[in-house]
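Engineer: Provided herewith is a single structure, encoded as structure tokens, for subsequent inquiry.
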Amino acid sequence: MMLYPEAVVLVGVVRTPRDWAWIQAMGAYRIPARQAPPLVPYVDFLAFYHTAAFGADRWSVRFYAAVRGHELARRRDLLPEEPDHPRAGEPYYLLQLGPIQSLPRPIRSPRGRRFTFLLTTGERLLAASDLSELTLAGGERQVLLRALREAGLVVLPGGTVAPAGRSVPVDLRIVCAQGVLGLRWSDRPSERRLREEAPNLWVIPAGALQEDLHGCLRRILERVGRLGGPASPGPLEDS
């Protein structure tokens, strides 16, 4: 699969050459389930950040691979040569990868960066030369947008909806059979109360997508169901 601009890319850390050899031999990348971001099922590509252990290639992203699927497995099944490891019985996500490919040019960091994962896009991965250029503000929203469209929903850009008789600006609109559901990101208590009262508005607290993407998606789909389920936008598409 070719890396395309809209692709959702997860940048994962490769801590040692031994781990890198395992990734290449197994065609897979492992993530402790307790550390895994909730957006794992929606990732299209994985890019690899090499730490200081890689000598001249340290602190850089040079390679990426398509994610072909994922499964849960215990650590002892992935690394049978370490049966006595303290986390041997813990569950891990195993991301199954396509062929590992080289980026057109390395993406470097002037000094080591400590992170578990970064979320970015195919467009940024291909264009960046510095690690800081990969950071995607509000990247979880892009993953949510993709998940909503894959669920068969018609999602429009921000506009306004009118819950409780007043106009409220929203970040996204979902066309439903009985109206339009507006999605808005806000931590204001008054808007959280409005969320409970208005059937055509869902207010998403900051950080909620990162903490529980699946839960957010489920609650949005429940709201869509209350508005008659998904519908074609018709003339609403240009509103």
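FYI, nothing fancy with the structure tokens labels: chains A, B, ... in order, residues from 1 per chain, ligands from 1 as they appear.
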May I have the residues within 9 Å of Tyr93 (chain A) as a ChimeraX atom specification, using only C-alpha atoms and disregarding those fewer than 3 positions away in the same chain?
Structural biologist: /A:29-33,36,40,70-74
Engineer: Could you find all residues in region 37-217 of chain A that DSSP calls alpha helix (DSSP H) from the backbone, and write them as a ChimeraX atom specification?
Structural biologist: /A:75-78,122-127,139-150,189-197,208-211,213-217
Engineer: Restricting it to C-alpha atoms, dump the selection as a PDB file, in the first residue's frame.
Structural biologist:
```pdb
ATOM      1  CA  ARG A  75       3.900 -11.235  25.856  1.00  0.00           C
ATOM      2  CA  ARG A  76       5.180 -14.769  26.516  1.00  0.00           C
ATOM      3  CA  ASP A  77       3.668 -15.880  23.208  1.00  0.00           C
ATOM      4  CA  LEU A  78       5.392 -13.059  21.337  1.00  0.00           C
ATOM      5  CA  GLY A 122       0.851  10.587   5.515  1.00  0.00           C
ATOM      6  CA  GLU A 123       1.210  14.106   4.152  1.00  0.00           C
ATOM      7  CA  ARG A 124       3.236  15.284   7.149  1.00  0.00           C
ATOM      8  CA  LEU A 125       5.340  12.157   7.261  1.00  0.00           C
ATOM      9  CA  LEU A 126       6.409  12.659   3.655  1.00  0.00           C
ATOM     10  CA  ALA A 127       7.030  16.413   3.995  1.00  0.00           C
ATOM     11  CA  GLY A 139      -5.193  14.505  15.589  1.00  0.00           C
ATOM     12  CA  GLU A 140      -7.718  12.314  17.385  1.00  0.00           C
ATOM     13  CA  ARG A 141     -10.456  14.351  15.692  1.00  0.00           C
ATOM     14  CA  GLN A 142      -9.159  13.256  12.311  1.00  0.00           C
ATOM     15  CA  VAL A 143      -9.310   9.635  13.452  1.00  0.00           C
ATOM     16  CA  LEU A 144     -12.884  10.169  14.700  1.00  0.00           C
ATOM     17  CA  LEU A 145     -13.857  11.726  11.367  1.00  0.00           C
ATOM     18  CA  ARG A 146     -12.473   8.712   9.525  1.00  0.00           C
ATOM     19  CA  ALA A 147     -14.277   6.301  11.873  1.00  0.00           C
ATOM     20  CA  LEU A 148     -17.604   8.113  11.388  1.00  0.00           C
ATOM     21  CA  ARG A 149     -17.269   7.981   7.608  1.00  0.00           C
ATOM     22  CA  GLU A 150     -16.312   4.304   7.719  1.00  0.00           C
ATOM     23  CA  PRO A 189     -20.104  23.049  32.200  1.00  0.00           C
ATOM     24  CA  SER A 190     -23.080  24.889  30.687  1.00  0.00           C
ATOM     25  CA  GLU A 191     -22.464  23.198  27.333  1.00  0.00           C
ATOM     26  CA  ARG A 192     -22.088  19.783  28.936  1.00  0.00           C
ATOM     27  CA  ARG A 193     -25.559  20.268  30.428  1.00  0.00           C
ATOM     28  CA  LEU A 194     -26.874  21.314  27.031  1.00  0.00           C
ATOM     29  CA  ARG A 195     -25.490  18.096  25.605  1.00  0.00           C
ATOM     30  CA  GLU A 196     -27.820  16.096  27.831  1.00  0.00           C
ATOM     31  CA  GLU A 197     -30.867  18.209  26.948  1.00  0.00           C
ATOM     32  CA  ALA A 208     -12.173  12.447  25.648  1.00  0.00           C
ATOM     33  CA  LEU A 209     -11.151  11.123  22.231  1.00  0.00           C
ATOM     34  CA  GLN A 210      -7.664  10.208  23.409  1.00  0.00           C
ATOM     35  CA  GLU A 211      -9.009   8.554  26.567  1.00  0.00           C
ATOM     36  CA  LEU A 213     -12.320   6.942  21.302  1.00  0.00           C
ATOM     37  CA  HIS A 214     -14.539   3.869  21.100  1.00  0.00           C
ATOM     38  CA  GLY A 215     -16.858   5.219  23.807  1.00  0.00           C
ATOM     39  CA  CYS A 216     -17.187   8.558  22.020  1.00  0.00           C
ATOM     40  CA  LEU A 217     -17.974   6.831  18.739  1.00  0.00           C
TER      41      LEU A 217
END
```
Engineer: Pick out each residue of region 107-199 of chain A that DSSP on the backbone tags as strand (DSSP E or B); I need them as a ChimeraX atom specification.
Structural biologist: /A:107-108,117-121,130,154-161,168-176,179-185
Engineer: Store the residues picked out above, limited to C-alpha atoms, as a PDB file, in the first residue's frame.
Structural biologist:
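Generated output (selection-v1.pdb):
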```pdb
ATOM      1  CA  ILE A 107      13.055  12.965   9.895  1.00  0.00           C
ATOM      2  CA  ARG A 108      15.437  13.990  12.654  1.00  0.00           C
ATOM      3  CA  PHE A 117       3.409   7.595  20.391  1.00  0.00           C
ATOM      4  CA  LEU A 118       2.840  10.481  17.995  1.00  0.00           C
ATOM      5  CA  LEU A 119      -0.160  10.785  15.721  1.00  0.00           C
ATOM      6  CA  THR A 120       0.371  12.304  12.281  1.00  0.00           C
ATOM      7  CA  THR A 121      -0.724  11.996   8.657  1.00  0.00           C
ATOM      8  CA  ASP A 130      12.203  17.676  11.766  1.00  0.00           C
ATOM      9  CA  VAL A 154     -22.329  11.645   5.996  1.00  0.00           C
ATOM     10  CA  VAL A 155     -20.126  14.111   7.872  1.00  0.00           C
ATOM     11  CA  LEU A 156     -20.062  17.792   6.921  1.00  0.00           C
ATOM     12  CA  PRO A 157     -17.697  20.592   8.027  1.00  0.00           C
ATOM     13  CA  GLY A 158     -18.548  22.829  10.964  1.00  0.00           C
ATOM     14  CA  GLY A 159     -21.515  25.149  10.867  1.00  0.00           C
ATOM     15  CA  THR A 160     -24.323  25.734  13.345  1.00  0.00           C
ATOM     16  CA  VAL A 161     -27.166  23.775  14.901  1.00  0.00           C
ATOM     17  CA  VAL A 168     -24.617  27.044  18.473  1.00  0.00           C
ATOM     18  CA  PRO A 169     -21.460  26.777  16.313  1.00  0.00           C
ATOM     19  CA  VAL A 170     -20.186  23.204  15.932  1.00  0.00           C
ATOM     20  CA  ASP A 171     -17.001  21.569  14.644  1.00  0.00           C
ATOM     21  CA  LEU A 172     -18.675  18.809  12.606  1.00  0.00           C
ATOM     22  CA  ARG A 173     -22.213  17.995  11.437  1.00  0.00           C
ATOM     23  CA  ILE A 174     -23.661  14.540  10.803  1.00  0.00           C
ATOM     24  CA  VAL A 175     -26.642  14.318   8.466  1.00  0.00           C
ATOM     25  CA  CYS A 176     -29.421  12.164   9.962  1.00  0.00           C
ATOM     26  CA  GLY A 179     -32.127  16.458  11.154  1.00  0.00           C
ATOM     27  CA  VAL A 180     -28.469  17.238  11.701  1.00  0.00           C
ATOM     28  CA  LEU A 181     -26.400  16.215  14.721  1.00  0.00           C
ATOM     29  CA  GLY A 182     -23.731  18.776  15.656  1.00  0.00           C
ATOM     30  CA  LEU A 183     -20.431  17.795  17.311  1.00  0.00           C
ATOM     31  CA  ARG A 184     -18.643  20.414  19.379  1.00  0.00           C
ATOM     32  CA  TRP A 185     -15.495  20.251  21.511  1.00  0.00           C
TER      33      TRP A 185
END
```
Engineer: Would you pick out the contacts of Leu46 (chain A) at 9 Å or less, using only C-alpha atoms, so that residues sharing its chain but fewer than 4 positions from it are not included, and give the list as a PDB file with N, CA, C and O atoms, in the first residue's frame?
Structural biologist:
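In the end it all went to result_25.pdb:
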```pdb
ATOM      1  N   VAL A   8      -3.798   7.878   8.299  1.00  0.00           N
ATOM      2  CA  VAL A   8      -3.536   8.045   9.730  1.00  0.00           C
ATOM      3  C   VAL A   8      -2.268   7.265  10.059  1.00  0.00           C
ATOM      4  O   VAL A   8      -2.192   6.057   9.840  1.00  0.00           O
ATOM      5  N   VAL A   9      -1.268   7.975  10.575  1.00  0.00           N
ATOM      6  CA  VAL A   9       0.039   7.369  10.838  1.00  0.00           C
ATOM      7  C   VAL A   9       0.354   7.460  12.329  1.00  0.00           C
ATOM      8  O   VAL A   9       0.260   8.536  12.931  1.00  0.00           O
ATOM      9  N   LEU A  10       0.718   6.344  12.901  1.00  0.00           N
ATOM     10  CA  LEU A  10       1.175   6.309  14.286  1.00  0.00           C
ATOM     11  C   LEU A  10       2.691   6.169  14.279  1.00  0.00           C
ATOM     12  O   LEU A  10       3.233   5.280  13.609  1.00  0.00           O
ATOM     13  N   VAL A  11       3.376   7.054  14.987  1.00  0.00           N
ATOM     14  CA  VAL A  11       4.836   6.972  15.116  1.00  0.00           C
ATOM     15  C   VAL A  11       5.133   6.274  16.431  1.00  0.00           C
ATOM     16  O   VAL A  11       4.791   6.777  17.502  1.00  0.00           O
ATOM     17  N   GLY A  12       5.727   5.095  16.348  1.00  0.00           N
ATOM     18  CA  GLY A  12       6.062   4.324  17.538  1.00  0.00           C
ATOM     19  C   GLY A  12       7.560   4.313  17.784  1.00  0.00           C
ATOM     20  O   GLY A  12       8.357   4.441  16.854  1.00  0.00           O
ATOM     21  N   TYR A  29       4.690  -5.189  15.100  1.00  0.00           N
ATOM     22  CA  TYR A  29       5.096  -4.245  16.144  1.00  0.00           C
ATOM     23  C   TYR A  29       4.212  -4.517  17.346  1.00  0.00           C
ATOM     24  O   TYR A  29       2.990  -4.649  17.207  1.00  0.00           O
ATOM     25  N   PHE A  63      11.871   4.920   8.589  1.00  0.00           N
ATOM     26  CA  PHE A  63      11.143   3.825   7.964  1.00  0.00           C
ATOM     27  C   PHE A  63       9.669   3.847   8.374  1.00  0.00           C
ATOM     28  O   PHE A  63       9.310   4.389   9.428  1.00  0.00           O
ATOM     29  N   TYR A  64       8.845   3.231   7.552  1.00  0.00           N
ATOM     30  CA  TYR A  64       7.423   3.102   7.849  1.00  0.00           C
ATOM     31  C   TYR A  64       6.899   1.824   7.199  1.00  0.00           C
ATOM     32  O   TYR A  64       7.556   1.227   6.334  1.00  0.00           O
ATOM     33  N   ALA A  65       5.706   1.420   7.616  1.00  0.00           N
ATOM     34  CA  ALA A  65       5.079   0.228   7.035  1.00  0.00           C
ATOM     35  C   ALA A  65       3.570   0.348   7.159  1.00  0.00           C
ATOM     36  O   ALA A  65       3.060   0.973   8.103  1.00  0.00           O
ATOM     37  N   ALA A  66       2.856  -0.243   6.220  1.00  0.00           N
ATOM     38  CA  ALA A  66       1.393  -0.287   6.292  1.00  0.00           C
ATOM     39  C   ALA A  66       0.975  -1.230   7.416  1.00  0.00           C
ATOM     40  O   ALA A  66       1.617  -2.253   7.665  1.00  0.00           O
ATOM     41  N   VAL A  67      -0.098  -0.875   8.108  1.00  0.00           N
ATOM     42  CA  VAL A  67      -0.670  -1.742   9.137  1.00  0.00           C
ATOM     43  C   VAL A  67      -1.766  -2.583   8.480  1.00  0.00           C
ATOM     44  O   VAL A  67      -2.745  -2.050   7.965  1.00  0.00           O
ATOM     45  N   LEU A  95       0.571  -5.456  16.014  1.00  0.00           N
ATOM     46  CA  LEU A  95       0.209  -4.826  14.747  1.00  0.00           C
ATOM     47  C   LEU A  95       0.938  -5.566  13.627  1.00  0.00           C
ATOM     48  O   LEU A  95       2.171  -5.628  13.615  1.00  0.00           O
ATOM     49  N   LEU A  97       2.301  -5.945   9.988  1.00  0.00           N
ATOM     50  CA  LEU A  97       2.820  -4.934   9.077  1.00  0.00           C
ATOM     51  C   LEU A  97       3.057  -5.472   7.675  1.00  0.00           C
ATOM     52  O   LEU A  97       3.367  -6.653   7.489  1.00  0.00           O
TER      53      LEU A  97
END
```
Engineer: Hey, which bits of region 87-171 of chain A sit within 12 Å of region 14-20 of chain A, and for each residue what's the closest pair of atoms and how far apart in Å (one decimal), counting only C-alpha atoms, rows by chain and increasing number, as a tab-separated table?
Structural biologist:
```
residue	atom	partner	partner_atom	distance
A:Ile100	CA	A:Trp20	CA	11.2
A:Gly112	CA	A:Arg15	CA	11.8
A:Arg113	CA	A:Arg15	CA	11.9
A:Arg114	CA	A:Arg15	CA	10.9
A:Phe115	CA	A:Val14	CA	11.1
A:Thr116	CA	A:Val14	CA	9.9
A:Phe117	CA	A:Val14	CA	10.6
```
Engineer: Taking N, CA and C atoms for each residue, export the selection above as a PDB file, in the first residue's frame.
Structural biologist:
```
ATOM      1  N   ILE A 100       8.495  -3.141   5.166  1.00  0.00           N
ATOM      2  CA  ILE A 100       9.074  -1.914   5.728  1.00  0.00           C
ATOM      3  C   ILE A 100       9.720  -1.122   4.601  1.00  0.00           C
ATOM      4  N   GLY A 112      17.183  14.055  21.752  1.00  0.00           N
ATOM      5  CA  GLY A 112      16.240  12.980  21.999  1.00  0.00           C
ATOM      6  C   GLY A 112      14.884  13.486  22.485  1.00  0.00           C
ATOM      7  N   ARG A 113      13.832  12.899  21.966  1.00  0.00           N
ATOM      8  CA  ARG A 113      12.471  13.208  22.403  1.00  0.00           C
ATOM      9  C   ARG A 113      11.923  12.013  23.160  1.00  0.00           C
ATOM     10  N   ARG A 114      11.295  12.270  24.311  1.00  0.00           N
ATOM     11  CA  ARG A 114      10.675  11.202  25.086  1.00  0.00           C
ATOM     12  C   ARG A 114       9.173  11.217  24.800  1.00  0.00           C
ATOM     13  N   PHE A 115       8.673  10.175  24.175  1.00  0.00           N
ATOM     14  CA  PHE A 115       7.249  10.035  23.936  1.00  0.00           C
ATOM     15  C   PHE A 115       6.954   8.557  23.737  1.00  0.00           C
ATOM     16  N   THR A 116       5.686   8.213  23.867  1.00  0.00           N
ATOM     17  CA  THR A 116       5.273   6.833  23.614  1.00  0.00           C
ATOM     18  C   THR A 116       4.809   6.677  22.179  1.00  0.00           C
ATOM     19  N   PHE A 117       3.908   7.604  21.763  1.00  0.00           N
ATOM     20  CA  PHE A 117       3.409   7.595  20.391  1.00  0.00           C
ATOM     21  C   PHE A 117       3.173   9.027  19.933  1.00  0.00           C
TER      22      PHE A 117
END
```
Engineer: With only C-alpha atoms as the basis for distance, which of A:Val224, A:Asp187, A:Pro99, A:Ile204 is at the shortest distance from Met2 (chain A)?
Structural biologist: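 That would be A:Pro99, the residue with the smallest distance to Met2 (chain A).
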